[in-house]
Every structure is written in C-alpha cells, then in structure tokens.
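**Q** Please read through the structure below; I'll follow up with questions.
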Amino acid sequence: MLKKIINLAFILMISFVVCSCSAKSEAEPERGRKVEQNEQKVGNETTSEASWIKKTLQKPEGAEFVNSLNYLADGTIRINTVDQDFQNSVIWDTRNNGDSWDNADADMSLTVENGYGYHYSAEGSLYTYNNRKLILSAGEGTEVKTININEGESISSAAISGNMLAVLVDNMNSMQSRVDIYDLKTMECRQLNNPQLSEFLTSLFEIGGSIAVDSSGEMIYLAGIEIAQYDLKRDNFDYLLDQESLNGLVNQGEESITSFAVDSTGNKIVLCVMDLAANRSKLYMCEKGIKKELGKASEDKLRIYSLKESGIRQAVSLFQEKCPELEVTFEVGYTGKDGVTLSDAIRTLNTELMAGEGPDILLLDGLPADSYVKSGILEDVTGIVEPRKDQFFYNIISAYNGGDNVYKVPMTFNIPVILGDTEVVGANNNAELMEVLERKAGNGIPLISPENLSSIAGSLFITSDIQQETLDEEKLADFYYDLKMISDKSISDEKRQSIDEWHRLTYWADQYPTMNSLPELDIYFERAQFGIDSLSLFENYMQILTVCKEKGLSYQYINREKGNHFIASNVLGINSTGKHKDAAKLFLEYYLSGEAQKAGVYGGFSIIRSNMEGTRYVSEGGEWMTSTSNKDTPEEVLNMYAITTAELQELIAFFEKADTPVKDNAVVIQKVMEQADACLFEGKDPESAAKEVCREINLYLSE
C-alpha cells in the first residue's frame with residue numbers, strides 16, 4: 001500500500017500541469033543534445049538464464065519529472081516531462097535509446113481535469129486520463145472517445161496499441177485490481193480471467209502498479225514487485241522479470257516505479273522511477289544480456305540500519321556523495337511485506353549486535369534503545385554533541401538520555417498536543433481529562449471527529465504511565481474503557497463501522513510517528529469539541545493558531561502531570577563494536593551540521609535551532625498565506641496566516657519546556673493498538689484485550 005500512495009502522490013503532484021500548459025513548450029530546448037550514461041550490470045546466477053544490463057538515461061535538459069513513458073511502434077521512446085516547478089510540459093522523443101532527445105511534434109490537444117499527463121499509443125495517438133475517466137483521439141479531426149468507470153473504482157494506469165486499450169482498474173470496495181480490455185472500434189469491453197493473472201493482480205492492488213503493451217497489441221505487461229507478462233492470444237501468464245531480478249535494477253525503498261515501457265522484442269525495458277531521496281524522476285534502459293558473473297561486493301561498507309523506512313535515507317544518499325570512497329548501505333529491518341514481524345526483525349538485529357556483527361549506525365526509532373545503552377551496545381557520543389549544545393534543543397537530547405551521557409541523538413522531534421477550550425487543556429492528567437469529556441458529552445457537538453480517533457488513542461497511550469518495566473494490565477484495561485467512552489459518545493455504531501483502515505488504530509501504529517489526522521478543521525467548524533494533533537511542521541502550527549485565535553481555544557501538552565512529553569524521531573546511535581566507528585561519527589557530525597536536514601523533509605522539527613530561522617512561514621506581518629479544506633466539504637475553508645516573529649518565539653519557548661520522552665516501543669504500540677481496534681470495532685471487552693496484550697508483551701519485554 002505504501003508504494004501505491006507514493007505513486008499516487010507523485011502523479012497528483014504533477015498532474016495539474018496538463019490542464020494549464022500550452023500545446024508546445026514556451027521554450028524550445030536544444031535538439032539532438034548528446035548525453036552520457038552510467039552502466040550497471042545486474043543478474044541472477046541461479047534463477048535467470050540471462051542478466052539485465054542497466055543504463056541510466058540522462059533526461060532532457062530542464063526536465064525534472066516524467067509524466068508518461070511510451071514505446072512507439074518504430075522503436076522511438078516518447079516521454080512527457082515537466083520542470084522542477086511542475087511547469088513547461090514538453091513531449092520528447094529519442095530514436096537512439098536515450099543518447100539524445102528531440103522536442104517531438106506531438107499532439108497535445110486533449111486535456112482532462114487532474115489528468116495524469118499526455119500519453120501516446122504505439123502509433124502515436126494521444127490519450128490522457130485521470131482516476132475516473134479516459135479520453136483518446138486517433139488524430140486531428142477524428143472523433144474523441146471517452147471511457148468512464150464505475151463509482152468506487154479508480155484508473156491506475158492505461159496503455160494503447162492499435163485498436164486495443166488496456167486499463168488497469170482498482171476496485172476500492174473489493175480491494176482488487178483488474179485489467180479491462182477495450183476494442184476501440186466497437187468500444188466493447190472484456191475482463192481477463194486468467195487465474196495466475198488474477199492472483200498477481202491481487203498483490204498489485206496492495207502496492208500499486210503500472211501497465212504497458214507491446215506494439216502488436218498482443219502482449220500486456222504489468223509492473224509491481226515483479227514485471228509480469230500476459231499473452232492475450234494464448235491466454236498465457238509468465239514473468240518477464242522476477243522479484244529478485246527487478247530488485248537488481250531498482251533500489252527498493254529508495255526508488256518507486258511510476259511507469260515503464262517494453263519494446264517489441266521484450267528484450268528492452270525502459271523504467272521511469274521516482275527517486276524518493278532526491279525527489280525527481282530517473283530513467284533506466286534495461287537490456288537483456290548473457291549471464292554474467294558479478295564481482296564480489298565491497299566489504300568496506302558503512303551499514304546504517306532502520307527498523308522501518310525513514311526519511312533519513314536522503315541524508316544517507318547525500319553523505320554517500322560526499323564520501324564516494326566509502327560504500328554506504330541503508331538497511332530496513334521491517335517492511336510488513338515479507339512475513340517478518342516487528343519482534344522478529346528486532347530479535348534478528350539483537351542477535352547480530354550481540355555477536356559483534358551489527359550495523360555501524362542504528363536509527364533507534366521503535367527499538368529498545370535504553371536496553372542497548374545498559375548493555376554497552378551504543379557508543380558514548382557526548383564529546384561530539386555537548387560542546388555544541390547551544391546549537392540544539394539540548395533539553396530534548398538531555399531528557400532523551402536521562403540527563404546523563406549522550407548515547408542517543410534525536411535529529412527531529414514533535415510534540416503531541418491537545419487542542420480545546422480551557423476545561424479540556426486545563427486537565428492535568430488523563431483521568432481529569434476523562435471527567436471533563438464525560439461532562440461535555442451530549443451537548444450537541446461530538447467530542448471528537450472519527451478521523452481523529454486513532455491519533456487520540458495513540459497519543460494518550462504513549463504519554464501515559466501504563467508502560468514501565470512491564471505493562472500494567474489494570475491501567476491498560478482502564479485505557480481501553482476510556483477509548484470506548486470517547487468513541488461511544490462521539491461516533492454512531494454505523495459510522496464507526498464505516499471508518500476505513502487508514503483511520504484505524506492499527507494503521508496509526510504501523511505509520512507512527514508520521515500518522516496525524518489534523519483535527520483543526522473539524523474543531524473549527526464545530527464537528528468536534530477537542531482534538532489531538534502533533535506539532536511536527538510549521539503548517540500544523542499555523543492551523544492551530546487560526547483555530548485558537550478565531551475560536552478562543554488553546555493547546556497544551558498532554559497528561560502534563562507526568563511531564564511535558566515529546567516524540568523523538570530519526571534518533572541516531574553508533575554501534576560501539578561496529579567496524580567503521582570513525583566513519584559513523586563522521587556521519588553523525590555531518591547530520592548535526594544541519595545540511596542534510598535543510599535538504600529534505602523528515603516529519604518533525606529539527607533538533608538544530610538555526611533550522612527554525614529563515615523559514616518562509618514566518619513573517620512579521622502575519623499575512624494570509626493559504627487555506628485548507630476537507631475534500632468532502634470544500635466550501636468550508638480554514639485560512640492560514642504566516643507565523644509572526646513573536647509567535648515563533650512562543651513556539652520555541654514551548655519546545656524548551658519539553659522534558660519527558662514518550663514510551664514508544666514499536667512492538668508494544670502495535671499490539672496495544674491491535675487490541676484497541678478489537679475493543680472499538682469488534683466488541684471485545686477491555687479486560688480480555690488487556691490480558692492478551694500483557695501476556696504477550698510482558699514476556700517480550702522480559703527478554
């Protein structure tokens with residue numbers, strides 16, 4: 001599902017250009033420019049008869065993002081690109097496999113609202129589409145044809161060759177993808193029912209996919225974690241590239257396939273990928289070659305490990321550019337896709353660490369970091385951090401390390417806050433908050449919005465004292481009862497059951513700490529009395545300020561009787577037995593310089609104070625900047641204003657009060673939220689849920 005979201009976000013980000021650009025680029029880029037490529041050979045000695053040779057294609061000058069990619073019948077590769085500002089939509093052709101690009105004389109006459117770019121059939125006919133509609137033309141003066149799909153369905157990708165149109169459709173109700181085949185002469189549609197293809201399409205829905213066809217219109221290709229091929233004439237399903245081979249061509253986790261094209265022989269594949277670290281499109285030409293013996297991988301690697309995928313990957317890429325002599329690898333222990341559980345991943349890592357074979361740098365988010373300190377696994381880095389402590393929000397670094405020497409360095413942080421009237425924010429602890437909410441229930445306005453339920457549940461748990469050395473079963477049961485009270489007094493049974501999986505508590509746990517539901521709109525338009533948000537970006541703060549000013553509300557730390565809680569993120573620790581401690585310390589110093597954090601977005605405020613300055617969100621005049629609305633109620637608009645210098649200083653002062661890290665062991669959060677879902681959506685009683693959690697988790701915590 002993550003890959004689907006990434007691909008969709010990329011498409012939506014650039015699609016608006018199509019509706020506003022002219023038929024030709026305003027600036028005619030240089031024609032026939034020669035470019036250089038970097039070659040890389042990949043292959044599989046045991047499972048593949050042939051290797052694939054990958055060559056990076058230089059994009060045309062000024063082209064930053066690739067909207068579409070197609071092979072024409074004569075072997076021409078055609079792309080639609082926009083620049084870094086998502087402007088100047090241009091069609092390019094290359095007839096020499098990417099050695100040079102020419103500005104194509106191509107039809108750009110069709111547009112569709114929120115379209116996904118200009119696409120071309122093997123014969124060069126234009127078509128374009130959005131998630132609900134596809135329109136196509138056979139050429140100037142010909143009839144424009146339109147295809148609409150049903151409610152609850154979405155067009156994921158489409159390809160045309162001759163009179164055959166193949167559409168990859170996602171059904172949001174059945175959670176299944178399918179392929180529709182249209183005869184463009186009669187406009188009759190049929191669906192493919194091959195069992196192997198259907199099984200492949202089931203997995204494709206979860207991760208997102210793309211479709212392509214060959215120039216004959218007889219072969220369909222589908223890209224997911226493999227590239228599959230389906231012969232329409234022979235009803236035969238096979239794989240062009242298995243998962244291992246495709247992983248050799250695309251850096252999984254760092255790159256996501258957005259489109260692809262296969263030539264008429266099936267021996268050449270052009271891949272368009274989104275470079276997630278650099279935030280730009282890349283093109284690869286992949287050609288089938290003979291079986292090759294790969295050289296042994298360099299043993300001189302700086303290994304950086306994260307339990308889950310992280311934005312720190314961008315910093316890794318930037319550091320690699322600065323230290324080309326040292327190979328830097330980024331490893332993710334838990335993906336949720338390979339049968340490995342969170343606890344499995346942590347146990348595997350712990351085994352490596354205890355054997356002295358672990359990664360050099362650990363991203364400690366979700367890991368049992370305190371036990372690593374007690375076991376001597378983490379290197380003392382006080383000497384690197386403390387001399388520069390005035391440059392940081394050192395109160396957060398110090399609190400996260402218990403006020404002692406520094407072993408764990410949070411690079412970013414956010415503050416879970418409660419937003420409401422004086423009664424709500426005046427509650428000193430969770431028990432007082434529940435008393436306030438029970439008094440407020442039934443006054444005509446729901447306590448919360450359904451979409452904020454998961455953030456409320458998660459934030460109340462991680463700021464509570466339920467977890468110490470072990471989980472307190474009685475307190476956990478009380479916590480589940482509190483959630484049921486809030487839910488029962490805010491959300492009808494029918495509405496509760498309609499809450500989708502992305503707003504349930506298990507999904508919040510899986511995405512933690514990046515999953516926030518932004519309750520400000522619902523509070524502002526009186527669909528909720530209070531909410532819990534996370535101060536993690538200036539945009540959050542701007543929305544909170546508007547609500548507080550215009551509705552007479554305020555925000556405060558949650559459960560502050562137990563401390564002013566903060567969430568530390570992108571927490572770095574150095575393995576004391578690592579093979580490259582000097583290089584690991586160099587990476588830490590580089591990250592603390594602020595260069596890496598200025599180059600990317602990491603889902604939290606920087607620990608570096610200077611990164612609070614110079615932001616475009618701060619202006620002395622506090623003028624209007626933008627507005628936001630809910631997609632279901634676009635007429636309800638919340639205005640957002642620039643943060644004044646005084647408001648920025650208030651925010652900094654608020655951060656300086658943070659003194660207590662939340663308890664956010666990933667395994668604990670996942671299990672607690674699974675059973676919270678069972679209580680809220682399946683009718684499980686809180687005592688049984690708490691007993692099940694404690695039986696499993698307390699055993700895990702004792703290991």
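Residue numbering restarts at 1 in every chain; chains get A, B, ... in the order shown in the structure tokens, and ligands count up from 1 in that same order.
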As number ranges by chain, list the residues of stretch 217-410 of chain A assigned to alpha helix (DSSP H) by DSSP on the backbone atoms of this structure.
**A** A: 243-249, 313-322, 342-354, 369-374, 382-385, 394-400
**Q** So that I can check the surroundings of A:Gly356, please list as a list of chain:residue names every protein, DNA and RNA residue that reaches within 12 Å of it, counting only C-alpha atoms and ignoring chain neighbours fewer than 5 positions away.
**A**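 Surrounding residues, per the criterion: A:Leu349, A:Asn350, A:Thr351, A:Gly376, A:Ile377, A:Leu378, A:Asn575, A:Ser576, A:Thr577, A:Gly578, A:Lys579.
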**Q** Need to verify the contact set: A:Lys484, 8 Å, only C-alpha atoms, exclusion of same-chain residues closer than 3 positions in sequence. Can you return it as a tab-separated table (two decimals) with N, CA and C atoms, in the first residue's frame?
**A**
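Output below, filename part.tsv:
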```tsv
chain	number	residue	atom	x	y	z
A	480	TYR	N	-8.54	1.21	27.67
A	480	TYR	CA	-9.48	0.73	26.66
A	480	TYR	C	-10.92	1.19	26.98
A	481	TYR	N	-11.29	1.20	28.25
A	481	TYR	CA	-12.61	1.70	28.63
A	481	TYR	C	-12.75	3.19	28.28
A	487	SER	N	-15.35	7.11	22.09
A	487	SER	CA	-15.92	6.67	20.81
A	487	SER	C	-17.44	6.59	20.88
A	488	ASP	N	-17.97	5.98	21.94
A	488	ASP	CA	-19.43	5.80	22.06
A	488	ASP	C	-20.17	7.13	22.13
A	679	CYS	N	-11.41	-3.83	20.58
A	679	CYS	CA	-12.41	-3.31	21.52
A	679	CYS	C	-13.40	-2.37	20.84
A	680	LEU	N	-12.90	-1.51	19.97
A	680	LEU	CA	-13.74	-0.47	19.38
A	680	LEU	C	-14.57	-0.96	18.20
```
**Q** Would you pick out the contacts of A:Ala223 at 8 Å or less, using only C-alpha atoms, so that residues sharing its chain but fewer than 5 positions from it are not included, and give the list as an MDAnalysis selection string?
**A** chainID A and resid 209:211 228 257 260
**Q** Those residues you just picked out, can you put them in a file as a short mmCIF file (atom, residue, chain, number, x, y, z; two decimals), in the first residue's frame with C-alpha atoms?
**A**
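Listing of selection-v3.cif after writing:
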```cif
data_model
loop_
_atom_site.label_atom_id
_atom_site.label_comp_id
_atom_site.auth_asym_id
_atom_site.auth_seq_id
_atom_site.Cartn_x
_atom_site.Cartn_y
_atom_site.Cartn_z
CA GLY A 209 1.22 -0.95 -10.37
CA SER A 210 1.59 0.18 -13.97
CA ILE A 211 0.53 -1.36 -17.28
CA ALA A 228 4.63 -9.89 -15.40
CA ILE A 257 8.46 2.64 -10.43
CA PHE A 260 7.60 1.65 -17.81
#
```
**Q** Neighbours of A:Met219 within 9 Å (only C-alpha atoms; same-chain residues fewer than 6 positions away dropped), as a list in words?
**A**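 Listed by chain and then number, they are Ala212, Val213, Gln229, Tyr230, Asp231, Leu232 and Lys233 of chain A.
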**Q** Kindly save the residues from that selection, with C-alpha atoms included, as a PDB file, in the first residue's frame.
**A**
```
ATOM      1  CA  ALA A 212       2.182  -1.384 -20.722  1.00  0.00           C
ATOM      2  CA  VAL A 213       1.513  -3.127 -24.046  1.00  0.00           C
ATOM      3  CA  GLN A 229       3.585 -10.549 -18.994  1.00  0.00           C
ATOM      4  CA  TYR A 230       0.293 -11.862 -20.316  1.00  0.00           C
ATOM      5  CA  ASP A 231      -0.179 -13.117 -23.893  1.00  0.00           C
ATOM      6  CA  LEU A 232      -3.692 -12.151 -24.979  1.00  0.00           C
ATOM      7  CA  LYS A 233      -3.798 -14.633 -27.882  1.00  0.00           C
TER       8      LYS A 233
END
```
**Q** With distances taken over only C-alpha atoms, which residue among A:Leu110, A:Ile155, A:Leu701, A:Leu276 lies nearest A:Ile135?
**A** A:Leu110
**Q** At a cut-off of 8 Å, using only C-alpha atoms, what residues contact A:Gly563? Leave out same-chain residues fewer than 6 positions from it and give the result as a list in words.
**A**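 Contacts, in chain order: Ala658, Asp659 and Thr660 of chain A.
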**Q** Take the residues just selected and output them with N, CA and C atoms as a PDB file, in the first residue's frame.
**A**
```pdb
ATOM      1  N   ALA A 658       9.808  20.980  26.892  1.00  0.00           N
ATOM      2  CA  ALA A 658       9.719  19.525  26.734  1.00  0.00           C
ATOM      3  C   ALA A 658      10.768  18.844  27.605  1.00  0.00           C
ATOM      4  N   ASP A 659      10.330  17.856  28.386  1.00  0.00           N
ATOM      5  CA  ASP A 659      11.268  17.236  29.324  1.00  0.00           C
ATOM      6  C   ASP A 659      11.067  15.728  29.503  1.00  0.00           C
ATOM      7  N   THR A 660      10.101  15.139  28.788  1.00  0.00           N
ATOM      8  CA  THR A 660       9.801  13.719  29.011  1.00  0.00           C
ATOM      9  C   THR A 660       9.569  13.007  27.680  1.00  0.00           C
TER      10      THR A 660
END
```
**Q** Give me, as a ChimeraX atom specification, the residues of stretch 120-155 of chain A that a backbone DSSP run labels strand (DSSP E or B).
**A** /A:120,126-129,133-136,145-148,153-155
**Q** Could you turn the residues from that selection into a file that holds N, CA and C atoms, as an mmCIF file, in the first residue's frame?
**A**
```
data_model
loop_
_atom_site.group_PDB
_atom_site.id
_atom_site.type_symbol
_atom_site.label_atom_id
_atom_site.label_comp_id
_atom_site.auth_asym_id
_atom_site.auth_seq_id
_atom_site.Cartn_x
_atom_site.Cartn_y
_atom_site.Cartn_z
ATOM 1 N N TYR A 120 0.736 8.288 -25.232
ATOM 2 C CA TYR A 120 0.649 8.023 -26.669
ATOM 3 C C TYR A 120 0.623 6.528 -26.932
ATOM 4 N N LEU A 126 -2.808 10.317 -29.282
ATOM 5 C CA LEU A 126 -2.847 10.889 -27.941
ATOM 6 C C LEU A 126 -3.997 10.325 -27.114
ATOM 7 N N TYR A 127 -3.729 10.067 -25.848
ATOM 8 C CA TYR A 127 -4.779 9.805 -24.873
ATOM 9 C C TYR A 127 -4.333 10.345 -23.521
ATOM 10 N N THR A 128 -5.295 10.651 -22.685
ATOM 11 C CA THR A 128 -4.994 11.121 -21.345
ATOM 12 C C THR A 128 -6.098 10.647 -20.416
ATOM 13 N N TYR A 129 -5.825 10.629 -19.126
ATOM 14 C CA TYR A 129 -6.811 10.103 -18.187
ATOM 15 C C TYR A 129 -6.541 10.633 -16.786
ATOM 16 N N LYS A 133 -11.748 8.862 -15.556
ATOM 17 C CA LYS A 133 -12.123 8.997 -16.956
ATOM 18 C C LYS A 133 -10.891 8.937 -17.839
ATOM 19 N N LEU A 134 -11.066 8.337 -19.046
ATOM 20 C CA LEU A 134 -10.010 8.309 -20.052
ATOM 21 C C LEU A 134 -10.579 8.846 -21.355
ATOM 22 N N ILE A 135 -9.838 9.735 -22.022
ATOM 23 C CA ILE A 135 -10.253 10.237 -23.330
ATOM 24 C C ILE A 135 -9.126 10.013 -24.322
ATOM 25 N N LEU A 136 -9.479 9.724 -25.571
ATOM 26 C CA LEU A 136 -8.471 9.405 -26.577
ATOM 27 C C LEU A 136 -8.894 9.912 -27.930
ATOM 28 N N LYS A 145 -13.017 9.869 -28.104
ATOM 29 C CA LYS A 145 -13.751 8.837 -27.392
ATOM 30 C C LYS A 145 -13.477 8.958 -25.895
ATOM 31 N N THR A 146 -14.510 8.659 -25.126
ATOM 32 C CA THR A 146 -14.415 8.802 -23.674
ATOM 33 C C THR A 146 -14.824 7.509 -22.993
ATOM 34 N N ILE A 147 -14.061 7.134 -21.989
ATOM 35 C CA ILE A 147 -14.375 5.956 -21.181
ATOM 36 C C ILE A 147 -14.485 6.401 -19.727
ATOM 37 N N ASN A 148 -15.614 6.104 -19.110
ATOM 38 C CA ASN A 148 -15.826 6.405 -17.695
ATOM 39 C C ASN A 148 -15.917 5.088 -16.923
ATOM 40 N N GLU A 153 -14.391 2.817 -8.127
ATOM 41 C CA GLU A 153 -13.267 2.295 -8.892
ATOM 42 C C GLU A 153 -12.361 3.439 -9.311
ATOM 43 N N SER A 154 -11.123 3.102 -9.619
ATOM 44 C CA SER A 154 -10.137 4.120 -9.964
ATOM 45 C C SER A 154 -9.217 3.591 -11.049
ATOM 46 N N ILE A 155 -8.946 4.425 -12.058
ATOM 47 C CA ILE A 155 -7.988 4.064 -13.096
ATOM 48 C C ILE A 155 -6.586 4.254 -12.531
#
```
**Q** Per residue of stretch 346-396 of chain A within 6 Å of stretch 302-316 of chain A, note the shortest atom pair and the distance in Å to one decimal, counting only C-alpha atoms, and order the rows by chain and increasing residue number, as JSON lines.
**A**
```
{"residue": "A:Pro359", "atom": "CA", "partner": "A:Arg303", "partner_atom": "CA", "distance": 4.9}
{"residue": "A:Asp360", "atom": "CA", "partner": "A:Arg303", "partner_atom": "CA", "distance": 5.2}
{"residue": "A:Ile361", "atom": "CA", "partner": "A:Ile304", "partner_atom": "CA", "distance": 4.7}
{"residue": "A:Leu362", "atom": "CA", "partner": "A:Tyr305", "partner_atom": "CA", "distance": 5.0}
{"residue": "A:Leu363", "atom": "CA", "partner": "A:Ser306", "partner_atom": "CA", "distance": 4.8}
```
**Q** With only C-alpha atoms as the atoms that count, which of A:Ala427, A:Ile558, A:Leu476, A:Ser490 lies nearest to A:Ala441?
**A**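 Closest residue, counting only C-alpha atoms: A:Ser490.
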**Q** Taking only C-alpha atoms into account, name the residue in A:Arg234, A:Arg132, A:Lys282, A:Lys185 that is nearest to A:Glu255.
**A** A:Lys282
**Q** Report as a ChimeraX atom specification all protein, DNA and RNA residues lying within 12 Å of A:Ala676, evaluated on only C-alpha atoms, omitting residues in the same chain fewer than 3 positions from it.
**A** /A:453-454,456-458,461,476-484,487,504-509,669-673,679-690,692-693
